[in-house]
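upload_19.cif (mmCIF, C-alpha atoms)
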```
data_work
loop_
_atom_site.label_atom_id
_atom_site.label_comp_id
_atom_site.auth_asym_id
_atom_site.auth_seq_id
_atom_site.Cartn_x
_atom_site.Cartn_y
_atom_site.Cartn_z
CA MET A 1 111.24 -148.17 -46.14
CA PRO A 2 109.40 -146.14 -43.49
CA GLN A 3 105.63 -145.92 -43.82
CA LEU A 4 105.00 -142.21 -44.24
CA LEU A 5 101.88 -140.25 -43.32
CA ARG A 6 101.34 -137.94 -46.31
CA VAL A 7 99.00 -135.05 -47.03
CA GLN A 8 98.58 -134.87 -50.82
CA ASN A 9 96.96 -132.24 -53.05
CA PHE A 10 95.32 -130.49 -50.12
CA LEU A 11 93.41 -127.52 -51.60
CA LEU A 12 93.70 -124.29 -49.65
CA SER A 13 92.76 -120.65 -50.06
CA THR A 14 95.38 -117.93 -49.83
CA ASP A 15 94.12 -117.13 -46.34
CA GLY A 16 94.49 -120.72 -45.19
CA TYR A 17 91.01 -122.25 -45.47
CA GLY A 18 90.37 -125.72 -46.85
CA ALA A 19 86.59 -125.31 -46.93
CA GLY A 20 84.14 -122.49 -46.42
CA GLU A 21 81.34 -121.99 -43.95
CA GLY A 22 77.93 -123.63 -44.22
CA GLN A 23 78.93 -127.09 -45.43
CA SER A 24 75.88 -129.05 -46.55
CA LEU A 25 74.70 -131.74 -48.92
CA GLU A 26 74.29 -129.12 -51.63
CA ARG A 27 77.53 -127.26 -50.78
CA PRO A 28 80.08 -129.81 -49.54
CA PHE A 29 82.72 -127.09 -49.28
CA GLY A 30 80.35 -124.46 -47.89
CA HIS A 31 80.78 -121.07 -49.52
CA ALA A 32 84.07 -122.20 -51.12
CA ASP A 33 83.98 -123.25 -54.77
CA PRO A 34 85.91 -126.53 -55.10
CA ALA A 35 85.89 -126.33 -58.91
CA THR A 36 87.90 -123.11 -58.76
CA MET A 37 90.29 -124.39 -56.14
CA ALA A 38 90.83 -127.66 -58.04
CA SER A 39 91.04 -126.15 -61.52
CA TRP A 40 94.84 -126.48 -61.62
CA ALA A 41 94.45 -130.24 -61.08
CA GLY A 42 91.57 -130.66 -63.51
CA ALA A 43 93.68 -129.19 -66.32
CA THR A 44 96.30 -131.94 -66.09
CA ALA A 45 96.64 -135.09 -68.19
CA SER A 46 96.66 -137.25 -65.05
CA TRP A 47 93.41 -135.92 -63.56
CA PRO A 48 91.43 -139.11 -62.93
CA ASN A 49 88.06 -137.59 -63.85
CA ARG A 50 89.30 -136.36 -67.23
CA THR A 51 86.72 -137.18 -69.90
CA GLU A 52 88.58 -136.01 -72.99
CA PRO A 53 92.16 -136.49 -74.17
CA GLY A 54 94.79 -133.86 -73.64
CA GLY A 55 95.69 -132.02 -70.50
CA SER A 56 98.94 -130.49 -69.34
CA ARG A 57 102.00 -132.59 -68.51
CA GLY A 58 103.99 -129.94 -66.67
CA LEU A 59 104.54 -129.27 -62.98
CA ASP A 60 100.92 -129.65 -61.86
CA ASP A 61 100.72 -133.04 -63.53
CA TYR A 62 103.58 -134.39 -61.40
CA LEU A 63 101.66 -133.43 -58.27
CA VAL A 64 98.34 -134.87 -59.44
CA ARG A 65 99.75 -138.23 -60.40
CA ASP A 66 101.63 -138.56 -57.12
CA PHE A 67 98.29 -138.67 -55.26
CA HIS A 68 98.01 -142.47 -55.35
CA ARG A 69 101.71 -143.42 -55.54
CA ASN A 70 102.54 -145.99 -52.86
CA ILE A 71 99.40 -145.20 -50.82
CA GLY A 72 97.87 -148.16 -48.97
CA ALA A 73 95.21 -146.47 -46.83
CA GLU A 74 93.54 -143.10 -46.26
CA ILE A 75 92.47 -141.37 -43.06
CA MET A 76 89.74 -138.74 -43.33
CA GLY A 77 87.52 -136.75 -41.01
CA ARG A 78 83.84 -137.44 -40.72
CA ASN A 79 83.11 -134.04 -42.27
CA LYS A 80 84.92 -135.09 -45.44
CA PHE A 81 82.88 -138.29 -45.57
CA GLY A 82 79.51 -136.56 -45.46
CA PRO A 83 77.41 -133.58 -44.40
CA GLN A 84 75.83 -135.29 -41.37
CA ARG A 85 76.78 -134.21 -37.87
CA GLY A 86 76.16 -136.04 -34.58
CA PRO A 87 74.87 -139.62 -34.27
CA TRP A 88 74.00 -141.44 -37.51
CA ALA A 89 70.24 -141.27 -38.17
CA ASP A 90 70.69 -144.30 -40.45
CA HIS A 91 73.41 -145.89 -42.55
CA GLU A 92 72.12 -144.96 -45.98
CA TRP A 93 74.80 -142.34 -46.64
CA ARG A 94 77.81 -144.03 -48.26
CA GLY A 95 79.96 -141.03 -49.08
CA TRP A 96 80.02 -138.45 -51.87
CA TRP A 97 81.72 -140.61 -54.44
CA GLY A 98 79.17 -143.05 -55.85
CA ASP A 99 79.70 -146.76 -56.40
CA ASN A 100 83.40 -146.49 -57.30
CA PRO A 101 85.12 -144.17 -54.81
CA PRO A 102 88.48 -142.76 -55.89
CA PHE A 103 90.46 -144.22 -52.97
CA HIS A 104 90.91 -147.91 -53.94
CA THR A 105 92.26 -148.71 -50.46
CA PRO A 106 90.88 -149.00 -46.94
CA VAL A 107 89.61 -145.63 -45.67
CA PHE A 108 89.45 -144.80 -41.97
CA VAL A 109 86.77 -142.23 -41.17
CA MET A 110 87.36 -140.56 -37.81
CA THR A 111 84.16 -140.21 -35.81
CA HIS A 112 82.90 -140.52 -32.26
CA HIS A 113 79.79 -142.27 -33.59
CA PRO A 114 80.28 -145.94 -34.40
CA ARG A 115 79.02 -147.48 -37.61
CA PRO A 116 79.65 -150.80 -39.40
CA SER A 117 82.31 -150.95 -42.11
CA PHE A 118 81.16 -151.30 -45.72
CA THR A 119 82.77 -151.80 -49.11
CA LEU A 120 82.15 -150.05 -52.43
CA SER A 121 84.15 -151.51 -55.32
CA ASP A 122 87.76 -151.71 -54.06
CA THR A 123 87.33 -149.15 -51.24
CA THR A 124 86.34 -150.24 -47.73
CA PHE A 125 85.24 -147.58 -45.24
CA HIS A 126 85.92 -148.13 -41.54
CA PHE A 127 84.59 -145.82 -38.81
CA VAL A 128 86.99 -145.34 -35.98
CA GLY A 129 87.28 -143.30 -32.80
CA GLY A 130 90.32 -142.68 -30.65
CA GLU A 131 93.38 -140.51 -30.77
CA PRO A 132 95.22 -139.71 -34.01
CA ALA A 133 98.07 -142.05 -33.06
CA ASP A 134 95.62 -144.94 -32.58
CA VAL A 135 93.90 -144.28 -35.89
CA LEU A 136 97.26 -144.04 -37.66
CA ALA A 137 98.34 -147.37 -36.19
CA GLN A 138 95.23 -149.04 -37.62
CA ALA A 139 95.70 -147.39 -41.02
CA ARG A 140 99.39 -148.37 -41.16
CA GLU A 141 98.53 -151.98 -40.50
CA ALA A 142 95.88 -151.93 -43.23
CA ALA A 143 98.28 -150.21 -45.66
CA ASP A 144 100.41 -153.36 -45.83
CA GLY A 145 103.77 -151.61 -45.91
CA ARG A 146 102.70 -148.71 -48.07
CA ASP A 147 102.21 -145.10 -47.00
CA VAL A 148 99.06 -143.61 -45.49
CA ARG A 149 97.35 -140.57 -46.99
CA LEU A 150 95.84 -138.04 -44.60
CA GLY A 151 92.89 -136.82 -46.61
CA GLY A 152 91.60 -133.94 -44.51
CA GLY A 153 89.67 -131.82 -43.86
CA ALA A 154 91.72 -129.06 -42.33
CA ASN A 155 90.70 -129.87 -38.76
CA VAL A 156 91.88 -133.45 -39.10
CA VAL A 157 95.19 -132.40 -40.65
CA ARG A 158 95.65 -129.98 -37.73
CA GLN A 159 95.04 -132.76 -35.21
CA PHE A 160 97.73 -134.92 -36.78
CA LEU A 161 100.13 -131.97 -37.08
CA ASP A 162 99.59 -131.13 -33.43
CA ALA A 163 100.38 -134.75 -32.53
CA ASP A 164 103.53 -134.52 -34.72
CA LEU A 165 102.49 -137.50 -36.84
CA VAL A 166 102.70 -136.01 -40.35
CA ASP A 167 105.78 -136.79 -42.47
CA THR A 168 105.08 -134.84 -45.68
CA LEU A 169 102.47 -132.28 -46.76
CA HIS A 170 101.62 -131.01 -50.19
CA VAL A 171 99.27 -128.03 -49.96
CA ALA A 172 98.07 -126.34 -53.17
CA VAL A 173 97.25 -122.70 -52.42
CA SER A 174 94.82 -121.15 -54.89
CA PRO A 175 94.54 -117.42 -55.60
CA VAL A 176 91.20 -117.12 -53.77
CA THR A 177 90.34 -115.88 -50.30
CA LEU A 178 87.53 -117.34 -48.18
CA GLY A 179 87.59 -115.23 -45.01
CA ALA A 180 86.06 -117.95 -42.87
CA GLY A 181 85.60 -121.71 -42.69
CA SER A 182 87.78 -124.67 -41.86
CA ARG A 183 91.29 -123.35 -41.43
CA LEU A 184 94.61 -125.18 -41.82
CA TRP A 185 96.89 -122.30 -40.87
CA SER A 186 97.12 -118.56 -40.38
CA SER A 187 100.46 -118.68 -42.17
CA PRO A 188 102.41 -121.60 -43.68
CA ASP A 189 105.41 -120.33 -41.71
CA GLU A 190 103.80 -121.88 -38.62
CA LEU A 191 105.18 -125.25 -39.69
CA LEU A 192 108.78 -124.21 -40.26
CA ASP A 193 109.89 -125.16 -36.76
CA ARG A 194 109.37 -128.80 -37.64
CA PHE A 195 109.42 -128.97 -41.43
CA HIS A 196 111.57 -128.08 -44.38
CA ARG A 197 109.61 -126.39 -47.14
CA ASP A 198 109.75 -125.75 -50.87
CA VAL A 199 107.41 -123.06 -52.17
CA VAL A 200 106.83 -123.71 -55.87
CA PRO A 201 104.66 -121.29 -57.84
CA SER A 202 103.07 -123.02 -60.81
CA PRO A 203 102.45 -121.27 -64.12
CA SER A 204 98.79 -122.26 -63.60
CA GLY A 205 98.51 -119.74 -60.76
CA VAL A 206 98.43 -122.20 -57.86
CA VAL A 207 101.35 -122.20 -55.40
CA HIS A 208 102.51 -125.61 -54.24
CA HIS A 209 103.84 -125.80 -50.69
CA LEU A 210 105.85 -128.97 -50.11
CA PHE A 211 106.79 -129.75 -46.51
CA TRP A 212 108.87 -132.60 -45.17
CA ARG A 213 109.98 -133.38 -41.66
CA ARG A 214 113.26 -131.93 -40.38
CA MET B 1 96.56 -144.88 -72.73
CA PRO B 2 99.05 -143.71 -75.35
CA GLN B 3 102.61 -145.00 -75.05
CA LEU B 4 104.65 -141.84 -74.57
CA LEU B 5 108.27 -141.25 -75.46
CA ARG B 6 109.68 -139.39 -72.44
CA VAL B 7 112.96 -137.67 -71.68
CA GLN B 8 113.42 -137.73 -67.88
CA ASN B 9 115.93 -136.00 -65.61
CA PHE B 10 118.14 -134.97 -68.51
CA LEU B 11 121.05 -133.00 -66.99
CA LEU B 12 122.05 -129.89 -68.89
CA SER B 13 124.35 -126.92 -68.42
CA THR B 14 123.01 -123.39 -68.59
CA ASP B 15 124.48 -123.08 -72.07
CA GLY B 16 122.74 -126.22 -73.29
CA TYR B 17 125.33 -129.00 -73.06
CA GLY B 18 124.57 -132.47 -71.73
CA ALA B 19 128.20 -133.55 -71.66
CA GLY B 20 131.57 -131.91 -72.17
CA GLU B 21 134.34 -132.51 -74.64
CA GLY B 22 136.84 -135.38 -74.44
CA GLN B 23 134.56 -138.19 -73.27
CA SER B 24 136.60 -141.21 -72.21
CA LEU B 25 136.62 -144.20 -69.89
CA GLU B 26 138.00 -142.01 -67.14
CA ARG B 27 135.78 -139.00 -67.93
CA PRO B 28 132.43 -140.32 -69.21
CA PHE B 29 131.08 -136.76 -69.38
CA GLY B 30 134.29 -135.24 -70.75
CA HIS B 31 135.22 -132.01 -69.03
CA ALA B 32 131.75 -131.79 -67.45
CA ASP B 33 131.40 -132.85 -63.81
CA PRO B 34 128.34 -135.11 -63.53
CA ALA B 35 128.43 -135.02 -59.73
CA THR B 36 127.85 -131.26 -59.78
CA MET B 37 125.15 -131.45 -62.41
CA ALA B 38 123.36 -134.28 -60.57
CA SER B 39 123.75 -132.89 -57.06
CA TRP B 40 120.12 -131.69 -56.94
CA ALA B 41 119.01 -135.29 -57.55
CA GLY B 42 121.50 -136.85 -55.15
CA ALA B 43 120.13 -134.73 -52.29
CA THR B 44 116.63 -136.23 -52.56
CA ALA B 45 115.07 -139.02 -50.52
CA SER B 46 114.22 -140.96 -53.69
CA TRP B 47 117.73 -140.97 -55.16
CA PRO B 48 118.30 -144.67 -55.88
CA ASN B 49 122.00 -144.61 -54.95
CA ARG B 50 121.32 -143.07 -51.54
CA THR B 51 123.37 -144.87 -48.89
CA GLU B 52 122.11 -143.13 -45.77
CA PRO B 53 118.61 -142.18 -44.58
CA GLY B 54 117.24 -138.72 -45.05
CA GLY B 55 117.13 -136.62 -48.16
CA SER B 56 114.75 -133.92 -49.27
CA ARG B 57 111.11 -134.62 -50.12
CA GLY B 58 110.35 -131.37 -51.91
CA LEU B 59 110.11 -130.47 -55.57
CA ASP B 60 113.29 -132.23 -56.73
CA ASP B 61 112.14 -135.45 -55.12
CA TYR B 62 108.99 -135.54 -57.26
CA LEU B 63 111.13 -135.36 -60.38
CA VAL B 64 113.62 -137.99 -59.26
CA ARG B 65 111.00 -140.56 -58.35
CA ASP B 66 109.17 -140.06 -61.64
CA PHE B 67 112.18 -141.44 -63.52
CA HIS B 68 110.94 -145.04 -63.50
CA ARG B 69 107.17 -144.46 -63.31
CA ASN B 70 105.41 -146.45 -66.03
CA ILE B 71 108.61 -146.92 -68.06
CA GLY B 72 108.84 -150.19 -69.99
CA ALA B 73 111.97 -149.65 -72.11
CA GLU B 74 114.82 -147.19 -72.65
CA ILE B 75 116.49 -145.96 -75.81
CA MET B 76 120.03 -144.62 -75.51
CA GLY B 77 122.86 -143.62 -77.80
CA ARG B 78 125.96 -145.68 -78.14
CA ASN B 79 127.99 -142.88 -76.53
CA LYS B 80 125.90 -143.19 -73.36
CA PHE B 81 126.50 -146.93 -73.30
CA GLY B 82 130.29 -146.65 -73.39
CA PRO B 83 133.40 -144.73 -74.44
CA GLN B 84 134.17 -146.87 -77.51
CA ARG B 85 133.72 -145.44 -80.99
CA GLY B 86 133.59 -147.29 -84.31
CA PRO B 87 133.33 -151.09 -84.68
CA TRP B 88 133.44 -153.16 -81.49
CA ALA B 89 136.95 -154.51 -80.87
CA ASP B 90 135.35 -157.15 -78.64
CA HIS B 91 132.23 -157.60 -76.53
CA GLU B 92 133.79 -157.31 -73.10
CA TRP B 93 132.35 -153.86 -72.36
CA ARG B 94 128.93 -154.26 -70.77
CA GLY B 95 128.12 -150.65 -69.86
CA TRP B 96 129.08 -148.33 -67.03
CA TRP B 97 126.66 -149.70 -64.49
CA GLY B 98 128.05 -152.98 -63.14
CA ASP B 99 126.11 -156.19 -62.67
CA ASN B 100 122.81 -154.50 -61.72
CA PRO B 101 122.14 -151.65 -64.16
CA PRO B 102 119.59 -149.06 -63.03
CA PHE B 103 117.20 -149.57 -65.97
CA HIS B 104 115.35 -152.80 -65.05
CA THR B 105 113.79 -152.93 -68.54
CA PRO B 106 114.96 -153.69 -72.08
CA VAL B 107 117.45 -151.04 -73.28
CA PHE B 108 117.92 -150.28 -76.99
CA VAL B 109 121.40 -148.95 -77.76
CA MET B 110 121.50 -147.13 -81.08
CA THR B 111 124.58 -148.01 -83.09
CA HIS B 112 125.61 -148.71 -86.67
CA HIS B 113 127.78 -151.56 -85.39
CA PRO B 114 125.88 -154.78 -84.63
CA ARG B 115 126.45 -156.74 -81.46
CA PRO B 116 124.57 -159.59 -79.73
CA SER B 117 122.06 -158.74 -77.01
CA PHE B 118 122.99 -159.58 -73.42
CA THR B 119 121.30 -159.46 -70.01
CA LEU B 120 122.56 -158.18 -66.67
CA SER B 121 120.15 -158.79 -63.80
CA ASP B 122 116.76 -157.51 -65.03
CA THR B 123 118.15 -155.28 -67.80
CA THR B 124 118.64 -156.61 -71.34
CA PHE B 125 120.69 -154.54 -73.80
CA HIS B 126 119.85 -154.72 -77.49
CA PHE B 127 121.98 -153.06 -80.19
CA VAL B 128 119.96 -151.61 -83.01
CA GLY B 129 120.51 -149.56 -86.14
CA GLY B 130 117.98 -147.76 -88.26
CA GLU B 131 116.00 -144.56 -88.09
CA PRO B 132 114.63 -143.18 -84.82
CA ALA B 133 111.09 -144.19 -85.78
CA ASP B 134 112.19 -147.81 -86.32
CA VAL B 135 114.05 -147.93 -83.02
CA LEU B 136 111.05 -146.43 -81.23
CA ALA B 137 108.74 -149.05 -82.76
CA GLN B 138 110.94 -151.83 -81.36
CA ALA B 139 111.16 -150.19 -77.95
CA ARG B 140 107.40 -149.66 -77.80
CA GLU B 141 106.76 -153.29 -78.52
CA ALA B 142 109.21 -154.34 -75.81
CA ALA B 143 107.69 -151.88 -73.32
CA ASP B 144 104.48 -153.92 -73.23
CA GLY B 145 102.07 -151.00 -73.09
CA ARG B 146 104.19 -148.79 -70.88
CA ASP B 147 106.07 -145.64 -71.87
CA VAL B 148 109.56 -145.49 -73.39
CA ARG B 149 112.31 -143.38 -71.84
CA LEU B 150 114.69 -141.61 -74.19
CA GLY B 151 117.88 -141.69 -72.17
CA GLY B 152 120.20 -139.49 -74.23
CA GLY B 153 122.80 -138.28 -74.83
CA ALA B 154 122.01 -134.92 -76.30
CA ASN B 155 122.64 -136.00 -79.90
CA VAL B 156 120.15 -138.82 -79.63
CA VAL B 157 117.52 -136.59 -78.03
CA ARG B 158 118.04 -134.12 -80.90
CA GLN B 159 117.52 -136.88 -83.49
CA PHE B 160 114.19 -137.84 -81.93
CA LEU B 161 113.15 -134.20 -81.56
CA ASP B 162 113.98 -133.55 -85.20
CA ALA B 163 111.83 -136.57 -86.16
CA ASP B 164 109.03 -135.17 -83.95
CA LEU B 165 108.81 -138.36 -81.89
CA VAL B 166 109.21 -136.95 -78.36
CA ASP B 167 106.06 -136.51 -76.23
CA THR B 168 107.46 -135.06 -72.98
CA LEU B 169 110.86 -133.74 -71.88
CA HIS B 170 112.13 -132.98 -68.42
CA VAL B 171 115.47 -131.16 -68.61
CA ALA B 172 117.23 -130.13 -65.39
CA VAL B 173 119.40 -127.10 -66.06
CA SER B 174 122.25 -126.67 -63.57
CA PRO B 175 123.97 -123.36 -62.82
CA VAL B 176 127.15 -124.36 -64.66
CA THR B 177 128.45 -123.48 -68.11
CA LEU B 178 130.46 -125.87 -70.27
CA GLY B 179 131.24 -123.84 -73.40
CA ALA B 180 131.59 -126.93 -75.60
CA GLY B 181 130.54 -130.55 -75.86
CA SER B 182 127.36 -132.40 -76.73
CA ARG B 183 124.65 -129.80 -77.11
CA LEU B 184 120.88 -130.21 -76.74
CA TRP B 185 119.90 -126.65 -77.61
CA SER B 186 121.18 -123.10 -78.03
CA SER B 187 118.04 -121.94 -76.21
CA PRO B 188 115.11 -123.88 -74.75
CA ASP B 189 112.86 -121.51 -76.69
CA GLU B 190 113.73 -123.50 -79.81
CA LEU B 191 111.14 -126.09 -78.78
CA LEU B 192 108.23 -123.73 -78.19
CA ASP B 193 106.87 -124.09 -81.69
CA ARG B 194 105.89 -127.66 -80.89
CA PHE B 195 105.79 -127.87 -77.10
CA HIS B 196 104.14 -126.27 -74.11
CA ARG B 197 106.61 -125.54 -71.35
CA ASP B 198 106.72 -124.98 -67.60
CA VAL B 199 109.92 -123.44 -66.27
CA VAL B 200 110.20 -124.34 -62.58
CA PRO B 201 113.15 -123.00 -60.57
CA SER B 202 113.91 -125.27 -57.64
CA PRO B 203 115.15 -123.97 -54.29
CA SER B 204 118.14 -126.30 -54.86
CA GLY B 205 119.41 -124.05 -57.66
CA VAL B 206 118.51 -126.27 -60.61
CA VAL B 207 115.83 -125.09 -63.04
CA HIS B 208 113.42 -127.75 -64.27
CA HIS B 209 112.14 -127.32 -67.82
CA LEU B 210 109.05 -129.44 -68.45
CA PHE B 211 107.88 -129.72 -72.05
CA TRP B 212 104.85 -131.49 -73.45
CA ARG B 213 103.54 -131.70 -76.95
CA ARG B 214 101.09 -129.05 -78.18
#
```

Would you put the structure from the file into structure tokens?
Amino acid sequence: MPQLLRVQNFLLSTDGYGAGEGQSLERPFGHADPATMASWAGATASWPNRTEPGGSRGLDDYLVRDFHRNIGAEIMGRNKFGPQRGPWADHEWRGWWGDNPPFHTPVFVMTHHPRPSFTLSDTTFHFVGGEPADVLAQAREAADGRDVRLGGGANVVRQFLDADLVDTLHVAVSPVTLGAGSRLWSSPDELLDRFHRDVVPSPSGVVHHLFWRR
Amino acid sequence: MPQLLRVQNFLLSTDGYGAGEGQSLERPFGHADPATMASWAGATASWPNRTEPGGSRGLDDYLVRDFHRNIGAEIMGRNKFGPQRGPWADHEWRGWWGDNPPFHTPVFVMTHHPRPSFTLSDTTFHFVGGEPADVLAQAREAADGRDVRLGGGANVVRQFLDADLVDTLHVAVSPVTLGAGSRLWSSPDELLDRFHRDVVPSPSGVVHHLFWRR
């Protein structure tokens, strides 16, 4: 089995932005509202943060529960890991996710600024520089035969697309527009030279774009 | 986690038939052509019988690879198990699937005609009578906390629907008509009194109907 590099459940606005402008500790997605863009996922039975029984078991649920299937490592950008920019002032920041991060695998945070690895529950964060291909090689080795999830943000996904390293992408386009921010594409048609695509409108209002390599 | 009873990848004609008339050893689906009705699944990367690399990784692939997820037992009708009807003449028939059946769990074959259990590779077939609720209780116990797949045919799915025991159904409706045979429904709307539904047309031409309990 090949070890795929997969983008899963990547939330995007209709105009192609994964996050808004002005990202900060208080507004991790800038002027974008992640609760709105993730509402399709939060309504499903498989949503991991669900606190009460119930939830839909239709199309959206298939996509939510596929998030962890056969994933052995994640790669993310430094801007997904935290709101800091530039050299680390200290090492107190340990991500947005509390003591039990939702990854449960090694996570490779791409940054030019070195920092020691650390572990929270069953997630270990590594801080790595280098080209996308180098980072992917490290993540593949850590994934122990399983696939690697490319967790974003949009700039990181673009880097790996430009290096032709992505095997599959699932992008969930919400009926919101952001106008500015961190952009994945001007149009999803940009990827059609290298990918097949299914466009699947969900009854929930989100449109799932599923790409796989030609 | 509740133990669900799930119908997965159930192939159906546009007019509601899961198999045609005249089922036999030579024509397990009667006058229906299973290769046509399963072609959407066979084109996917996750199709277990795939003999060459490639295959689509879009919508249909999500549905194919969900077939085994968290399944701990299957229930099937005797007509799915084989072409014989009435009392067993002997016990030589061991199913359609050769020495390595694709179930990999206990399988409960519903029949009024008793027969000893037997094992092929990691699949054990049990032959059980009784009401759907009794059969489900046995399958749940064997599934060891995981879900139970209701494998069909259409008559068996109907029995469990009529007893209100089904939690989720995925029915893949192909653009073929059969006119006669083993029928699941006259219209999928029949289930809307008890189920939510997503209708998801795939670019492959099949239409996925996803039902979950209200």

Where does chain A meet chain B within 10 Å, residue by residue, with the nearest atom pair and distance in Å to one decimal for each, counting all atoms listed in the file, listed by chain and rising number, as CSV?
```
residue,atom,partner,partner_atom,distance
A:Met1,CA,B:Pro53,CA,9.6
A:Pro53,CA,B:Met1,CA,9.6
A:Gly54,CA,B:Arg214,CA,9.1
A:Gly55,CA,B:Trp212,CA,9.6
A:Ser56,CA,B:Trp212,CA,7.3
A:Arg57,CA,B:Trp212,CA,5.8
A:Gly58,CA,B:Leu210,CA,5.4
A:Leu59,CA,B:Asp198,CA,6.7
A:Asp60,CA,B:Asp198,CA,9.4
A:Tyr62,CA,B:Tyr62,CA,6.9
A:Leu63,CA,B:Tyr62,CA,7.7
A:Arg65,CA,B:Asp66,CA,9.7
A:Asp66,CA,B:Tyr62,CA,8.0
A:Arg69,CA,B:Arg69,CA,9.6
A:Asp167,CA,B:Arg57,CA,9.6
A:Thr168,CA,B:Arg57,CA,7.5
A:Leu169,CA,B:Gly58,CA,9.5
A:His170,CA,B:Gly58,CA,8.9
A:His196,CA,B:Ser56,CA,8.3
A:Arg197,CA,B:Gly58,CA,6.9
A:Asp198,CA,B:Gly58,CA,5.7
A:Val199,CA,B:Pro203,CA,8.1
A:Val200,CA,B:Ser202,CA,7.5
A:Pro201,CA,B:Val200,CA,7.9
A:Ser202,CA,B:Val200,CA,7.5
A:Pro203,CA,B:Asp198,CA,6.6
A:Ser204,CA,B:Asp198,CA,9.3
A:His208,CA,B:Leu59,CA,9.1
A:His209,CA,B:Gly58,CA,8.7
A:Leu210,CA,B:Gly58,CA,5.4
A:Phe211,CA,B:Gly58,CA,6.7
A:Trp212,CA,B:Arg57,CA,5.8
A:Arg213,CA,B:Arg57,CA,8.6
A:Arg214,CA,B:Gly54,CA,9.2
```

Rank nothing, just name the residue among B:Ser121, B:Gly86, B:Glu26, B:Thr177 nearest to Gly98 (chain B), using only C-alpha atoms.
->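 Closest candidate: B:Ser121.
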
Where does the PyMOL selection byres ((chain A and resi 130) around 12) land in this file, that is, which residues does it pick, as a list in words?
-> Phe108, Val109, Met110, Thr111, His112, His113, Pro114, Phe127, Val128, Gly129, Glu131, Pro132, Ala133, Asp134, Val135, Leu136, Ala137, Gln138 and Gln159 of chain A

Which is closer to Ser13 (chain A) than all the others in A:Pro87, A:Phe29, A:Ile71, A:Met37, using all atoms listed in the file?
->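 Looking at the shortest contact to Ser13 (chain A), the residue is A:Met37.
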
Starting from the displayed file, determine the output of the PyMOL selection byres ((chain A and resi 145-154) around 7) and express the residue list as a PyMOL selection string.
-> chain A and resi 3-8+18+70-77+80+139-140+143-144+155-158+182-184

Could you take the residues named above and write them with C-alpha atoms, as a short mmCIF file (atom, residue, chain, number, x, y, z; two decimals), keeping the file's coordinate frame?
```cif
data_model
loop_
_atom_site.label_atom_id
_atom_site.label_comp_id
_atom_site.auth_asym_id
_atom_site.auth_seq_id
_atom_site.Cartn_x
_atom_site.Cartn_y
_atom_site.Cartn_z
CA GLN A 3 105.63 -145.92 -43.82
CA LEU A 4 105.00 -142.21 -44.24
CA LEU A 5 101.88 -140.25 -43.32
CA ARG A 6 101.34 -137.94 -46.31
CA VAL A 7 99.00 -135.05 -47.03
CA GLN A 8 98.58 -134.87 -50.82
CA GLY A 18 90.37 -125.72 -46.85
CA ASN A 70 102.54 -145.99 -52.86
CA ILE A 71 99.40 -145.20 -50.82
CA GLY A 72 97.87 -148.16 -48.97
CA ALA A 73 95.21 -146.47 -46.83
CA GLU A 74 93.54 -143.10 -46.26
CA ILE A 75 92.47 -141.37 -43.06
CA MET A 76 89.74 -138.74 -43.33
CA GLY A 77 87.52 -136.75 -41.01
CA LYS A 80 84.92 -135.09 -45.44
CA ALA A 139 95.70 -147.39 -41.02
CA ARG A 140 99.39 -148.37 -41.16
CA ALA A 143 98.28 -150.21 -45.66
CA ASP A 144 100.41 -153.36 -45.83
CA ASN A 155 90.70 -129.87 -38.76
CA VAL A 156 91.88 -133.45 -39.10
CA VAL A 157 95.19 -132.40 -40.65
CA ARG A 158 95.65 -129.98 -37.73
CA SER A 182 87.78 -124.67 -41.86
CA ARG A 183 91.29 -123.35 -41.43
CA LEU A 184 94.61 -125.18 -41.82
#
```

Interatomic distance (Å, one decimal) between CA of Ala41 (chain A) and CA of Val206 (chain A) |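 Distance reported for this atom pair: 9.5 Å.
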
Can you list what the PyMOL selection byres ((chain B and resi 83) around 10) grabs from this structure, as a list in words?
->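 Applied to this file, the PyMOL selection byres ((chain B and resi 83) around 10) selects Gly22, Gln23, Ser24, Leu25, Glu26, Arg27, Pro28, Phe29, Arg78, Asn79, Lys80, Phe81, Gly82, Gln84, Arg85, Trp93, Gly95 and Trp96 of chain B.
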